[in-house]
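Novice: Got a structure for you, written out below as structure tokens; questions coming shortly.
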Protein chains: 2
Amino acid sequence: MITFYYAPNTCSLASHIALEEAGAEYSAVRINFEADEQRSARYLMVNPKGRVPALVTERGILTETPAILAYIAQSFPKSGLAPLADPFAFAQVQSFNSYMCATVHVAHAHGKRGSRWADDLAAIAEMQRKVPQSVGACFDLIERELLKGPWVMGETYTICDPYLFTFAQMLEGDGVDPARFPKVTDHRNRMSVRPGVRKVVAEELA
Amino acid sequence: MITFYYAPNTCSLASHIALEEAGAEYSAVRINFEADEQRSARYLMVNPKGRVPALVTERGILTETPAILAYIAQSFPKSGLAPLADPFAFAQVQSFNSYMCATVHVAHAHGKRGSRWADDLAAIAEMQRKVPQSVGACFDLIERELLKGPWVMGETYTICDPYLFTFAQMLEGDGVDPARFPKVTDHRNRMSVRPGVRKVVAEELA
């Protein structure tokens, strides 16, 4: 049995959707970011980084979204969530997910987590000010180059899709007008009506 | 035949070492960051992100270090650079590499690439000021939790090792005293004398 730690409105949504769509048996545990529970002694024993997601398996604990997503795809191969038998196609999936975690997520994080990279309040405010531009530039690249359509990797739905959906859901909060990105918006609409996505989103926001 | 685009003193060193140690046939092309060649029209056709590394294969172009590293391990399975047959162990490798790209690399990048996240010069200077602290905190976690020893994943050398080495090489430049991290320093010393590492470092710095 897998235990999955998540928090609403964070990147853990991607792994949550993937678990659900893979048909995994898991229990989901919500971490209360408002109460700073991610930095509690109890949670730091699960994930010393003090972040979500974290996936507790029989073999041990996994963190970091790209690693968890690929693990879910490999552990539930019948779900077809990644092109496991084709190293090049799998690398394309991984390349997209690396871009999400190291560039898109990081651009987004300068909005509320600027204190990771500066202490001065004016500098943190300057970072916040640039979020619409830097996140917008990421989604320009996604719209123009990375999202093949109808799914991220083309005809086949993969672990890239819930990851893109997760950050597309944050566009308004990042001060970016989603209407600039018709392909991303269409993707987001089609993601929103998938049964697994509806179930997970409803659970996270309950 | 693979073509590999790199620049000295960047994260492309990790993939360069992995290619060499996998015994891949490849040609390495240096991109001149001093001349801003990564943003030239010619290079943007290779990688529209304007970054290194980029790996040009018969099937297409791959970017993002964690994706390239796993691709090299999968394409040259005899090199034993990743536990390909064990999804959990592979996920641990990927988790480490995700941390390197999304947290360690990002902390480092606030030193010279602060303009990605703020325009104001005082804010950029504030980001630079915090680099020793944020990079130092990353290496505290690596030293204490992530580096199992003697190699990152324990007894077996993997694609995690050149990635750790790449950012350990930058510690002095980031204003962090490597002596704080005895395990990382020992790892760096053992990496430095591997024949493939010596060859690639010499070529990059030539």
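Naming works like this for the structure tokens: A, B, ... for the chains as they're shown, residue 1 at the start of each chain, ligands 1 onward in shown order.
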Do you know which residues are at most 8 Å from stretch 128-132 of chain B counting only C-alpha atoms, after dropping those on the same chain fewer than 2 positions away, and could you put them as a list in words?
Specialist: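 Neighbouring residues, sequence-local ones excluded: Trp117, Ala118 and Asp119 of chain A; Ala107, His108, His110, Gly111, Lys112, Gly114, Ile124, Ala125, Glu126, Ser134, Val135, Gly136, Asp174, Gly175 and Val176 of chain B.
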Novice: Contacts from chain A to chain B, 6 Å maximum, only C-alpha atoms: show me the residue list as a count of residues only.
Specialist: 15
Novice: So which one's closest to B:Leu164, B:Arg180, B:Arg144, B:Arg39, B:Arg188? Using only C-alpha atoms, please.
Specialist: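 Using only C-alpha atoms, the shortest distance to B:Leu164 belongs to B:Arg188.
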Novice: As a PyMOL selection string, please: all residues of stretch 4-195 of chain A that backbone DSSP puts in alpha helix (DSSP H).
Specialist: chain A and resi 12-22+41-46+65-75+87-99+105-109+121-141+160-168+182-192+195
Novice: Taking the DSSP secondary structure from the backbone, can you list the residues of stretch 39-174 of chain B that are strand (DSSP E), as a PyMOL selection string?
Specialist: chain B and resi 54-56+61-63
Novice: Generate the output file for the selected residues, N, CA and C atoms, as a JSON list (two decimals), in the first residue's frame.
Specialist:
```json
[["chain", "number", "residue", "atom", "x", "y", "z"],
["B", 54, "ALA", "N", 22.63, 20.05, -25.08],
["B", 54, "ALA", "CA", 21.69, 19.51, -26.06],
["B", 54, "ALA", "C", 22.35, 18.32, -26.73],
["B", 55, "LEU", "N", 21.56, 17.29, -26.95],
["B", 55, "LEU", "CA", 22.08, 16.06, -27.52],
["B", 55, "LEU", "C", 21.32, 15.79, -28.82],
["B", 56, "VAL", "N", 22.04, 15.80, -29.94],
["B", 56, "VAL", "CA", 21.40, 15.56, -31.23],
["B", 56, "VAL", "C", 21.59, 14.09, -31.59],
["B", 61, "ILE", "N", 16.34, 15.75, -31.11],
["B", 61, "ILE", "CA", 17.18, 16.49, -30.17],
["B", 61, "ILE", "C", 16.62, 16.36, -28.76],
["B", 62, "LEU", "N", 17.50, 16.13, -27.81],
["B", 62, "LEU", "CA", 17.11, 16.06, -26.40],
["B", 62, "LEU", "C", 17.78, 17.17, -25.62],
["B", 63, "THR", "N", 17.03, 17.75, -24.69],
["B", 63, "THR", "CA", 17.58, 18.74, -23.78],
["B", 63, "THR", "C", 17.19, 18.37, -22.34]]
```
Novice: Which of these residues is nearest to A:Phe76, using only C-alpha atoms: A:Ile159, A:Gly196, A:Ser12, A:Ala137?
Specialist: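 Looking only at the distances to A:Phe76, the closest residue turns out to be A:Ile159.
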Novice: Work out how far apart atom CA of B:Phe4 and atom CA of B:Thr158 are and give it in Å to one decimal.
Specialist: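 Spanning atom CA of B:Phe4 to atom CA of B:Thr158 is a straight-line distance of 19.9 Å.
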Novice: By how many Å are atom CA of A:Phe33 and atom CA of A:Ala206 apart?
Specialist: 15.1 Å
